[in-house]
>>> print(open('work.pdb').read())   # PDB, C-alpha atoms
ATOM      1  CA  MET A   1     199.485 240.803 145.345
ATOM      2  CA  LYS A   2     199.370 243.104 142.427
ATOM      3  CA  LYS A   3     196.052 243.976 140.885
ATOM      4  CA  ILE A   4     195.900 242.267 137.539
ATOM      5  CA  VAL A   5     193.326 243.617 135.130
ATOM      6  CA  LEU A   6     194.650 242.012 131.956
ATOM      7  CA  PHE A   7     197.778 240.045 131.190
ATOM      8  CA  ILE A   8     199.028 237.316 128.877
ATOM      9  CA  VAL A   9     199.933 233.923 130.285
ATOM     10  CA  LEU A  10     202.920 232.437 128.487
ATOM     11  CA  ALA A  11     202.476 228.753 129.340
ATOM     12  CA  LEU A  12     201.137 226.301 131.904
ATOM     13  CA  GLY A  13     202.231 222.682 132.116
ATOM     14  CA  CYS A  14     198.826 221.020 132.293
ATOM     15  CA  ALA A  15     196.468 219.255 129.915
ATOM     16  CA  SER A  16     194.236 222.298 129.501
ATOM     17  CA  ALA A  17     197.167 224.722 129.081
ATOM     18  CA  VAL A  18     196.557 228.438 128.859
ATOM     19  CA  MET A  19     198.069 229.509 125.559
ATOM     20  CA  ALA A  20     200.131 232.595 124.858
ATOM     21  CA  GLU A  21     197.356 234.114 122.753
ATOM     22  CA  ASP A  22     194.787 233.735 125.543
ATOM     23  CA  THR A  23     193.909 236.614 127.841
ATOM     24  CA  VAL A  24     193.274 236.479 131.564
ATOM     25  CA  GLU A  25     190.895 238.942 133.207
ATOM     26  CA  LEU A  26     190.403 239.574 136.884
ATOM     27  CA  LEU A  27     186.791 239.275 138.027
ATOM     28  CA  PRO A  28     185.411 242.431 139.658
ATOM     29  CA  PHE A  29     186.719 242.655 143.246
ATOM     30  CA  GLY A  30     188.436 239.283 142.617
ATOM     31  CA  ASP A  31     191.741 240.457 144.066
ATOM     32  CA  PHE A  32     190.070 240.801 147.508
ATOM     33  CA  GLU A  33     191.754 244.118 148.193
ATOM     34  CA  GLN A  34     188.491 245.828 149.170
ATOM     35  CA  TRP A  35     186.340 244.883 152.183
ATOM     36  CA  ALA A  36     183.510 246.464 154.119
ATOM     37  CA  VAL A  37     183.797 246.074 157.904
ATOM     38  CA  ARG A  38     180.564 245.662 159.869
ATOM     39  CA  TYR A  39     179.999 245.807 163.626
ATOM     40  CA  ILE A  40     176.890 243.903 164.733
ATOM     41  CA  LYS A  41     175.718 243.891 168.359
ATOM     42  CA  GLU A  42     174.042 240.626 169.303
ATOM     43  CA  SER A  43     170.979 240.563 171.543
ATOM     44  CA  ARG A  44     171.365 240.508 175.329
ATOM     45  CA  LEU A  45     169.842 237.038 175.392
ATOM     46  CA  LEU A  46     172.927 235.867 173.456
ATOM     47  CA  GLY A  47     175.363 237.826 175.605
ATOM     48  CA  GLY A  48     175.237 241.238 173.948
ATOM     49  CA  ARG A  49     178.656 241.039 172.326
ATOM     50  CA  THR A  50     179.620 243.131 169.309
ATOM     51  CA  LYS A  51     180.876 240.970 166.449
ATOM     52  CA  THR A  52     182.892 241.981 163.422
ATOM     53  CA  LEU A  53     181.730 240.800 160.013
ATOM     54  CA  TYR A  54     183.410 241.376 156.653
ATOM     55  CA  ALA A  55     182.032 241.636 153.140
ATOM     56  CA  VAL A  56     183.868 241.816 149.815
ATOM     57  CA  ALA A  57     182.774 245.298 148.786
ATOM     58  CA  PRO A  58     183.969 248.880 148.361
ATOM     59  CA  CYS A  59     185.873 249.808 151.533
ATOM     60  CA  ASP A  60     183.506 250.999 154.236
ATOM     61  CA  THR A  61     182.892 250.807 157.983
ATOM     62  CA  ILE A  62     179.319 250.120 159.081
ATOM     63  CA  ARG A  63     178.283 250.312 162.718
ATOM     64  CA  GLY A  64     174.923 249.046 163.883
ATOM     65  CA  ASN A  65     172.565 246.195 163.110
ATOM     66  CA  ILE A  66     171.936 247.210 159.522
ATOM     67  CA  PRO A  67     171.194 244.729 156.717
ATOM     68  CA  PHE A  68     174.002 244.807 154.168
ATOM     69  CA  THR A  69     173.190 245.544 150.542
ATOM     70  CA  TYR A  70     175.174 243.265 148.248
ATOM     71  CA  GLY A  71     175.855 243.903 144.574
ATOM     72  CA  LEU A  72     176.799 247.595 144.684
ATOM     73  CA  GLY A  73     179.384 249.064 142.348
ATOM     74  CA  GLY A  74     179.472 246.066 140.019
ATOM     75  CA  ASN A  75     180.524 243.742 142.841
ATOM     76  CA  PRO A  76     179.298 240.158 142.179
ATOM     77  CA  TRP A  77     180.409 238.637 145.507
ATOM     78  CA  SER A  78     178.576 237.650 148.646
ATOM     79  CA  VAL A  79     179.982 235.716 151.616
ATOM     80  CA  SER A  80     178.944 233.221 154.287
ATOM     81  CA  ASN A  81     179.010 235.988 156.920
ATOM     82  CA  ALA A  82     175.504 237.071 157.859
ATOM     83  CA  TYR A  83     173.367 239.112 160.207
ATOM     84  CA  ALA A  84     170.245 237.257 161.372
ATOM     85  CA  ARG A  85     167.164 238.411 163.240
ATOM     86  CA  VAL A  86     164.924 235.591 164.445
ATOM     87  CA  ALA A  87     161.972 236.261 166.748
ATOM     88  CA  GLY A  88     163.472 239.651 167.613
ATOM     89  CA  ILE A  89     166.875 238.190 168.523
ATOM     90  CA  ASP A  90     169.922 239.572 166.674
ATOM     91  CA  LYS A  91     172.773 237.197 165.832
ATOM     92  CA  ALA A  92     175.940 237.577 163.731
ATOM     93  CA  SER A  93     178.064 234.816 162.226
ATOM     94  CA  GLY A  94     181.358 235.167 160.387
ATOM     95  CA  THR A  95     183.629 232.565 158.761
ATOM     96  CA  THR A  96     185.105 234.603 155.887
ATOM     97  CA  ARG A  97     187.581 237.425 156.376
ATOM     98  CA  PRO A  98     190.520 239.241 154.796
ATOM     99  CA  GLU A  99     194.049 238.119 155.628
ATOM    100  CA  ARG A 100     197.367 239.731 154.815
ATOM    101  CA  ARG A 101     199.263 238.342 151.833
ATOM    102  CA  GLY A 102     202.482 240.175 151.111
ATOM    103  CA  ASP A 103     201.662 243.849 150.737
ATOM    104  CA  GLY A 104     197.997 243.162 149.998
ATOM    105  CA  TRP A 105     195.112 240.933 151.026
ATOM    106  CA  CYS A 106     193.531 237.592 150.237
ATOM    107  CA  ALA A 107     190.312 235.928 151.419
ATOM    108  CA  ARG A 108     190.427 233.372 154.231
ATOM    109  CA  LEU A 109     187.536 230.888 154.502
ATOM    110  CA  ASP A 110     187.248 228.891 157.742
ATOM    111  CA  CYS A 111     185.019 225.941 158.508
ATOM    112  CA  LYS A 112     184.262 226.201 162.205
ATOM    113  CA  LEU A 113     181.744 225.649 164.957
ATOM    114  CA  ASP A 114     179.746 228.701 165.949
ATOM    115  CA  SER A 115     178.364 228.620 169.470
ATOM    116  CA  VAL A 116     174.985 230.184 170.264
ATOM    117  CA  VAL A 117     174.673 230.554 174.041
ATOM    118  CA  VAL A 118     171.123 231.469 175.043
ATOM    119  CA  ALA A 119     170.663 233.128 178.458
ATOM    120  CA  ARG A 120     174.015 231.587 179.525
ATOM    121  CA  ILE A 121     172.285 228.233 179.806
ATOM    122  CA  ILE A 122     171.592 226.653 176.417
ATOM    123  CA  ASP A 123     174.692 226.243 174.215
ATOM    124  CA  LEU A 124     173.748 225.382 170.621
ATOM    125  CA  LYS A 125     176.366 224.578 167.994
ATOM    126  CA  VAL A 126     176.281 225.154 164.249
ATOM    127  CA  LEU A 127     179.046 224.278 161.791
ATOM    128  CA  VAL A 128     179.561 226.964 159.157
ATOM    129  CA  ALA A 129     181.869 226.678 156.158
ATOM    130  CA  GLY A 130     183.571 229.862 154.981
ATOM    131  CA  THR A 131     182.269 230.607 151.498
ATOM    132  CA  LEU A 132     182.536 233.123 148.691
ATOM    133  CA  PHE A 133     179.841 233.056 146.015
ATOM    134  CA  THR A 134     178.269 235.183 143.325
ATOM    135  CA  GLY A 135     174.860 236.513 144.265
ATOM    136  CA  ARG A 136     173.148 238.356 147.102
ATOM    137  CA  THR A 137     172.472 237.367 150.688
ATOM    138  CA  LEU A 138     169.123 238.851 151.699
ATOM    139  CA  GLU A 139     169.492 240.203 155.221
ATOM    140  CA  PRO A 140     168.441 240.028 157.938
ATOM    141  CA  ILE A 141     168.329 236.236 157.817
ATOM    142  CA  SER A 142     164.964 234.882 158.965
ATOM    143  CA  MET A 143     163.916 231.713 160.815
ATOM    144  CA  ARG A 144     163.243 229.948 157.497
ATOM    145  CA  ALA A 145     166.734 230.701 156.233
ATOM    146  CA  THR A 146     168.506 229.608 159.415
ATOM    147  CA  SER A 147     167.338 226.032 158.751
ATOM    148  CA  GLU A 148     167.955 226.243 154.977
ATOM    149  CA  PRO A 149     170.510 228.948 154.097
ATOM    150  CA  TYR A 150     169.799 228.954 150.355
ATOM    151  CA  ASN A 151     166.350 230.381 151.084
ATOM    152  CA  ALA A 152     168.076 233.701 151.781
ATOM    153  CA  ILE A 153     170.467 233.698 148.812
ATOM    154  CA  ASP A 154     169.647 235.187 145.425
ATOM    155  CA  MET A 155     172.146 232.912 143.700
ATOM    156  CA  GLY A 156     174.031 233.864 140.568
ATOM    157  CA  VAL A 157     174.693 237.057 138.615
ATOM    158  CA  PRO A 158     174.117 238.010 134.969
ATOM    159  CA  PHE A 159     176.936 236.820 132.703
ATOM    160  CA  THR A 160     177.014 236.296 128.926
ATOM    161  CA  ARG A 161     180.635 235.546 128.010
ATOM    162  CA  HIS A 162     182.459 232.310 127.081
ATOM    163  CA  PRO A 163     185.510 231.737 129.312
ATOM    164  CA  LYS A 164     187.925 228.893 128.689
ATOM    165  CA  ALA A 165     188.905 228.356 132.321
ATOM    166  CA  MET A 166     188.912 229.817 135.809
ATOM    167  CA  MET A 167     192.275 230.802 137.256
ATOM    168  CA  LEU A 168     193.014 231.618 140.898
ATOM    169  CA  ASP A 169     195.693 231.536 143.580
ATOM    170  CA  ILE A 170     194.872 228.971 146.252
ATOM    171  CA  LYS A 171     196.168 227.543 149.531
ATOM    172  CA  ALA A 172     194.416 225.097 151.865
ATOM    173  CA  TYR A 173     194.491 223.258 155.163
ATOM    174  CA  ILE A 174     192.276 220.157 154.978
ATOM    175  CA  GLU A 175     191.666 217.973 158.037
ATOM    176  CA  GLU A 176     193.033 214.460 157.396
ATOM    177  CA  SER A 177     190.107 212.782 159.108
ATOM    178  CA  ASP A 178     187.448 210.246 158.178
ATOM    179  CA  GLU A 179     184.950 211.778 160.595
ATOM    180  CA  ILE A 180     182.675 214.742 160.004
ATOM    181  CA  THR A 181     180.630 216.871 162.387
ATOM    182  CA  TYR A 182     176.839 217.248 162.207
ATOM    183  CA  ALA A 183     176.039 220.493 163.997
ATOM    184  CA  LYS A 184     172.627 221.888 163.073
ATOM    185  CA  ALA A 185     171.797 224.096 166.071
ATOM    186  CA  VAL A 186     172.145 221.256 168.568
ATOM    187  CA  ALA A 187     173.730 221.157 172.022
ATOM    188  CA  ASN A 188     175.753 218.030 171.251
ATOM    189  CA  PRO A 189     176.979 217.781 167.637
ATOM    190  CA  LYS A 190     177.146 214.268 166.213
ATOM    191  CA  ILE A 191     180.297 212.732 164.791
ATOM    192  CA  ARG A 192     179.832 210.452 161.790
ATOM    193  CA  LYS A 193     181.941 208.770 159.148
ATOM    194  CA  GLY A 194     182.817 210.924 156.179
ATOM    195  CA  ARG A 195     185.544 212.901 154.404
ATOM    196  CA  ASP A 196     185.078 216.589 153.747
ATOM    197  CA  CYS A 197     187.048 218.764 151.348
ATOM    198  CA  ALA A 198     187.236 222.284 149.978
ATOM    199  CA  GLU A 199     185.787 222.943 146.548
ATOM    200  CA  VAL A 200     185.671 225.547 143.805
ATOM    201  CA  TYR A 201     183.140 225.498 141.002
ATOM    202  CA  VAL A 202     181.516 227.670 138.362
ATOM    203  CA  LEU A 203     178.167 226.929 136.710
ATOM    204  CA  LEU A 204     177.179 228.888 133.613
ATOM    205  CA  GLN A 205     173.433 228.730 133.010
ATOM    206  CA  HIS A 206     170.959 229.844 130.385
ATOM    207  CA  ARG A 207     167.951 230.958 132.480
ATOM    208  CA  TRP A 208     164.410 231.998 131.681
ATOM    209  CA  GLU A 209     161.225 232.772 133.596
ATOM    210  CA  ASP A 210     157.808 231.407 132.691
ATOM    211  CA  ALA A 211     154.420 233.122 132.972
ATOM    212  CA  ASP A 212     153.980 231.826 136.529
ATOM    213  CA  GLY A 213     157.251 233.321 137.750
ATOM    214  CA  LYS A 214     159.106 229.998 137.887
ATOM    215  CA  LEU A 215     162.798 230.059 136.960
ATOM    216  CA  HIS A 216     164.205 227.452 134.585
ATOM    217  CA  ALA A 217     167.754 226.853 133.401
ATOM    218  CA  ARG A 218     169.925 224.753 131.181
ATOM    219  CA  ARG A 219     173.517 224.141 132.257
ATOM    220  CA  VAL A 220     175.791 225.530 129.559
ATOM    221  CA  ALA A 221     179.240 225.008 131.098
ATOM    222  CA  THR A 222     180.815 223.549 134.250
ATOM    223  CA  ALA A 223     184.197 224.160 135.906
ATOM    224  CA  TYR A 224     184.676 222.104 139.073
ATOM    225  CA  GLU A 225     187.454 220.930 141.378
ATOM    226  CA  ARG A 226     187.567 219.470 144.867
ATOM    227  CA  PHE A 227     190.604 219.666 147.148
ATOM    228  CA  TYR A 228     190.904 216.636 149.458
ATOM    229  CA  HIS A 229     194.393 217.393 150.785
ATOM    230  CA  SER A 230     196.202 220.412 152.166
ATOM    231  CA  ILE A 231     198.048 222.835 149.891
ATOM    232  CA  PRO A 232     200.640 224.239 152.337
ATOM    233  CA  GLU A 233     202.121 226.848 149.971
ATOM    234  CA  TRP A 234     200.366 229.162 147.547
ATOM    235  CA  ASP A 235     199.515 227.461 144.248
ATOM    236  CA  ASN A 236     199.473 230.523 142.015
ATOM    237  CA  ASP A 237     197.642 230.619 138.679
ATOM    238  CA  HIS A 238     195.804 227.373 139.390
ATOM    239  CA  VAL A 239     193.584 226.532 136.392
ATOM    240  CA  ILE A 240     190.149 224.867 136.429
ATOM    241  CA  PRO A 241     188.924 224.336 132.839
ATOM    242  CA  PHE A 242     185.341 224.758 131.679
ATOM    243  CA  ARG A 243     183.567 221.792 130.078
ATOM    244  CA  TRP A 244     180.737 222.811 127.792
ATOM    245  CA  GLY A 245     177.461 221.051 127.132
ATOM    246  CA  ASP A 246     176.410 217.667 128.538
ATOM    247  CA  ILE A 247     179.234 216.675 130.882
ATOM    248  CA  THR A 248     177.509 213.413 131.859
ATOM    249  CA  GLN A 249     178.791 211.959 128.588
ATOM    250  CA  GLN A 250     182.381 212.850 129.392
ATOM    251  CA  ALA A 251     184.798 210.384 130.990
ATOM    252  CA  ASP A 252     185.711 212.707 133.862
ATOM    253  CA  PHE A 253     182.096 213.385 134.959
ATOM    254  CA  ARG A 254     181.550 213.086 138.721
ATOM    255  CA  ASN A 255     178.192 212.675 140.404
ATOM    256  CA  TYR A 256     178.495 215.858 142.477
ATOM    257  CA  GLU A 257     178.550 217.817 139.193
ATOM    258  CA  ARG A 258     175.027 216.657 138.334
ATOM    259  CA  LEU A 259     172.135 218.985 137.640
ATOM    260  CA  ASN A 260     170.369 220.435 140.698
ATOM    261  CA  ALA A 261     172.923 218.971 143.109
ATOM    262  CA  ILE A 262     172.091 221.931 145.356
ATOM    263  CA  GLY A 263     168.664 223.570 145.458
ATOM    264  CA  PHE A 264     169.720 227.076 144.468
ATOM    265  CA  GLN A 265     167.146 229.851 144.502
ATOM    266  CA  ALA A 266     166.982 233.272 142.883
ATOM    267  CA  MET A 267     164.662 236.254 142.794
ATOM    268  CA  ASN A 268     162.204 236.367 139.905
ATOM    269  CA  SER A 269     160.855 239.465 138.153
ATOM    270  CA  GLN A 270     158.064 239.719 140.747
ATOM    271  CA  GLY A 271     160.523 239.928 143.650
ATOM    272  CA  ASP A 272     159.817 236.391 144.887
ATOM    273  CA  MET A 273     162.509 233.873 145.815
ATOM    274  CA  VAL A 274     161.967 230.694 143.786
ATOM    275  CA  ARG A 275     163.940 227.551 142.965
ATOM    276  CA  VAL A 276     166.144 227.661 139.865
ATOM    277  CA  VAL A 277     165.461 224.293 138.219
ATOM    278  CA  GLU A 278     168.134 222.982 135.862
ATOM    279  CA  GLU A 279     166.185 221.055 133.234
ATOM    280  CA  GLY A 280     169.074 219.765 131.205
ATOM    281  CA  PHE A 281     172.321 220.671 129.485
ATOM    282  CA  GLY A 282     172.523 222.995 126.511
ATOM    283  CA  LEU A 283     174.831 225.008 124.303
ATOM    284  CA  GLU A 284     172.934 228.292 124.298
ATOM    285  CA  ASN A 285     174.675 231.493 125.261
ATOM    286  CA  PRO A 286     174.920 231.798 129.057
ATOM    287  CA  THR A 287     172.804 234.358 130.870
ATOM    288  CA  HIS A 288     173.962 233.745 134.481
ATOM    289  CA  MET A 289     177.035 232.634 136.397
ATOM    290  CA  ILE A 290     177.249 230.872 139.762
ATOM    291  CA  ILE A 291     180.676 230.750 141.445
ATOM    292  CA  MET A 292     181.100 228.846 144.695
ATOM    293  CA  ILE A 293     184.412 228.846 146.611
ATOM    294  CA  THR A 294     184.085 227.093 149.955
ATOM    295  CA  SER A 295     186.075 225.349 152.690
ATOM    296  CA  GLY A 296     183.518 222.514 152.939
ATOM    297  CA  SER A 297     181.655 220.362 150.424
ATOM    298  CA  TYR A 298     178.844 218.897 152.548
ATOM    299  CA  GLU A 299     175.348 220.253 153.071
ATOM    300  CA  ALA A 300     174.893 223.241 155.365
ATOM    301  CA  PHE A 301     176.097 222.740 158.967
ATOM    302  CA  VAL A 302     177.943 219.473 158.172
ATOM    303  CA  GLY A 303     181.650 218.890 157.534
ATOM    304  CA  HIS A 304     185.185 219.051 158.941
ATOM    305  CA  ASN A 305     185.591 221.518 161.777
ATOM    306  CA  GLY A 306     188.971 223.098 161.005
ATOM    307  CA  ASN A 307     189.224 223.205 157.209
ATOM    308  CA  THR A 308     190.621 226.498 155.925
ATOM    309  CA  LEU A 309     190.859 227.755 152.358
ATOM    310  CA  TRP A 310     192.748 230.839 151.184
ATOM    311  CA  VAL A 311     192.004 232.326 147.756
ATOM    312  CA  ASP A 312     193.203 235.307 145.776
ATOM    313  CA  ASN A 313     193.133 236.803 142.282
ATOM    314  CA  VAL A 314     190.065 235.045 140.856
ATOM    315  CA  ARG A 315     190.249 235.360 137.067
ATOM    316  CA  PHE A 316     188.759 233.969 133.878
ATOM    317  CA  VAL A 317     190.828 232.812 130.906
ATOM    318  CA  TYR A 318     189.488 233.708 127.468
ATOM    319  CA  ASP A 319     190.366 232.450 124.015
ATOM    320  CA  GLU A 320     190.754 235.598 121.911
ATOM    321  CA  ASN A 321     188.703 233.942 119.159
ATOM    322  CA  ASN A 322     185.757 233.063 121.430
ATOM    323  CA  ARG A 323     184.996 235.656 124.104
TER     324      ARG A 323
END
>>> encode(input="work.pdb", output="structure tokens")
Amino acid sequence: MKKIVLFIVLALGCASAVMAEDTVELLPFGDFEQWAVRYIKESRLLGGRTKTLYAVAPCDTIRGNIPFTYGLGGNPWSVSNAYARVAGIDKASGTTRPERRGDGWCARLDCKLDSVVVARIIDLKVLVAGTLFTGRTLEPISMRATSEPYNAIDMGVPFTRHPKAMMLDIKAYIEESDEITYAKAVANPKIRKGRDCAEVYVLLQHRWEDADGKLHARRVATAYERFYHSIPEWDNDHVIPFRWGDITQQADFRNYERLNAIGFQAMNSQGDMVRVVEEGFGLENPTHMIIMITSGSYEAFVGHNGNTLWVDNVRFVYDENNR
């Protein structure tokens, strides 16, 4: 997987074709060639094992139960892997990791059950979907964040440009099942009716902060696709177009693209984590970008145990006349 900084796409046979005069730019660290490796030792109460976690970041090896600092070196990515400390107990969880692709690397995102065995007696299960996103995970994860993960995520990064589409290489294994697993730190996960999928989306927002420190936003553009079936071979240069303005008036609008579908939070100027409230659609210049690439589409700790998504070379397509 060669590192592509800038190249011209000649043609794509789809409705929102990338034209010859368009340019395609790799997002920072979007080729997934660089990873930090972390070794976290869990508490004796949980068995005392040392677990390996990965982060998309400048190459490094980190030993010890040290909170990771995301966002260094212009890196916009965070991952679903996390180090938690709750009531003095250290726990590590990892569902995102590098995997060989040719002579380089890609990102592998697994949706899987994580077992938390306490004192060799109590076995609690949580379902975690492998995820890449733009923003910062605030470690160590606390009790509040273990029940609601977005409480520990400063979601989104500054972004002011006007892309035409997202482009990425993608492969997937999606469970062909009409049953999903509810596993929210329980001994016996529940099985219910449902169909999970992988999804990729980008939200461009125009954000502002009021005098009380509350964060507001208007949705400027949306790029969204769900993958309900396996993609057994690499689909290179897959394109997801941006739709600008009020997408609810467009024929292809889907309910999961609605405003505030997920209660994202971000850090305000006072250093407090607060909800980012989307108050409508607009056509202002964007100030922030949220990218979510995940092997599951349900709420936290719910979905298909076994979904896997592989991604590589995450890029944006730009019209030379509107960048």
>>> resolve_selection(input="work.pdb", expression="the PyMOL selection byres ((chain A and resi 271-275) around 10)", output="list in words")
Tyr150, Asn151, Ala152, Ile153, Asp154, Met155, Gly213, Lys214, Leu215, His216, Asn260, Gly263, Phe264, Gln265, Ala266, Met267, Asn268, Ser269, Gln270, Val276, Val277 and Glu278 of chain A
>>> closest_residue(input="work.pdb", among="A:Thr61, A:Tyr39, A:Phe29, A:Ala107", to="Ser93 (chain A)", atoms="all atoms listed in the file")
A:Tyr39
>>> residues_around(input="work.pdb", residues="Arg226 (chain A)", least_positions_apart="2", cutoff="12 Å", atoms="all atoms listed in the file", output="list in words")
Ala172, Ile174, Arg195, Asp196, Cys197, Ala198, Glu199, Val200, Tyr201, Ala223, Tyr224, Tyr228, His229, Ser230, Ile240, Arg254, Tyr256, Glu257, Met292, Ile293, Thr294, Ser295, Gly296, Ser297, Tyr298 and Leu309 of chain A
>>> atom_distance(input="work.pdb", atom1="CA of Gly71 (chain A)", atom2="CA of Gly135 (chain A)")
7.5 Å
>>> closest_residue(input="work.pdb", among="A:Ala20, A:Leu27, A:Val317, A:Leu168", to="Asp237 (chain A)", atoms="all atoms listed in the file")
A:Leu168
>>> atom_distance(input="work.pdb", atom1="CA of Glu299 (chain A)", atom2="CA of Arg192 (chain A)")
13.9 Å
>>> closest_residue(input="work.pdb", among="A:Ala261, A:Ile247, A:Val220, A:Ala300", to="Arg161 (chain A)", atoms="all atoms listed in the file")
A:Val220
>>> residues_around(input="work.pdb", residues="Gly282 (chain A)", least_positions_apart="6", cutoff="12 Å", atoms="all atoms listed in the file", output="CSV table (one decimal) with C-alpha atoms, keeping the file's coordinate frame")
chain,number,residue,atom,x,y,z
A,204,LEU,CA,177.2,228.9,133.6
A,205,GLN,CA,173.4,228.7,133.0
A,206,HIS,CA,171.0,229.8,130.4
A,207,ARG,CA,168.0,231.0,132.5
A,217,ALA,CA,167.8,226.9,133.4
A,218,ARG,CA,169.9,224.8,131.2
A,219,ARG,CA,173.5,224.1,132.3
A,220,VAL,CA,175.8,225.5,129.6
A,221,ALA,CA,179.2,225.0,131.1
A,222,THR,CA,180.8,223.5,134.2
A,243,ARG,CA,183.6,221.8,130.1
A,244,TRP,CA,180.7,222.8,127.8
A,245,GLY,CA,177.5,221.1,127.1
A,246,ASP,CA,176.4,217.7,128.5
A,247,ILE,CA,179.2,216.7,130.9
A,259,LEU,CA,172.1,219.0,137.6
>>> residues_around(input="work.pdb", residues="Ala183 (chain A)", least_positions_apart="4", cutoff="10 Å", atoms="only C-alpha atoms", output="PyMOL selection string")
chain A and resi 113-114+124-128+187-191+300-303+305
>>> atom_distance(input="work.pdb", atom1="CA of Phe133 (chain A)", atom2="CA of Asp210 (chain A)")
25.8 Å
>>> closest_residue(input="work.pdb", among="A:Leu46, A:Met167, A:Val239, A:Ile262", to="Glu25 (chain A)", atoms="all atoms listed in the file")
A:Met167
>>> closest_residue(input="work.pdb", among="A:Thr308, A:Ser142, A:Thr131, A:Asn321", to="Pro67 (chain A)", atoms="only C-alpha atoms")
A:Ser142
>>> resolve_selection(input="work.pdb", expression="the PyMOL selection byres ((chain A and resi 64) around 7)", output="PyMOL selection string")
chain A and resi 39-41+62-63+65-66
>>> closest_residue(input="work.pdb", among="A:Ser78, A:Asn255, A:Thr52, A:Gln34", to="Gly94 (chain A)", atoms="all atoms listed in the file")
A:Thr52
>>> residues_around(input="work.pdb", residues="Glu139 (chain A)", least_positions_apart="4", cutoff="7 Å", atoms="all atoms listed in the file", output="MDAnalysis selection string")
chainID A and resid 67:68 83:84
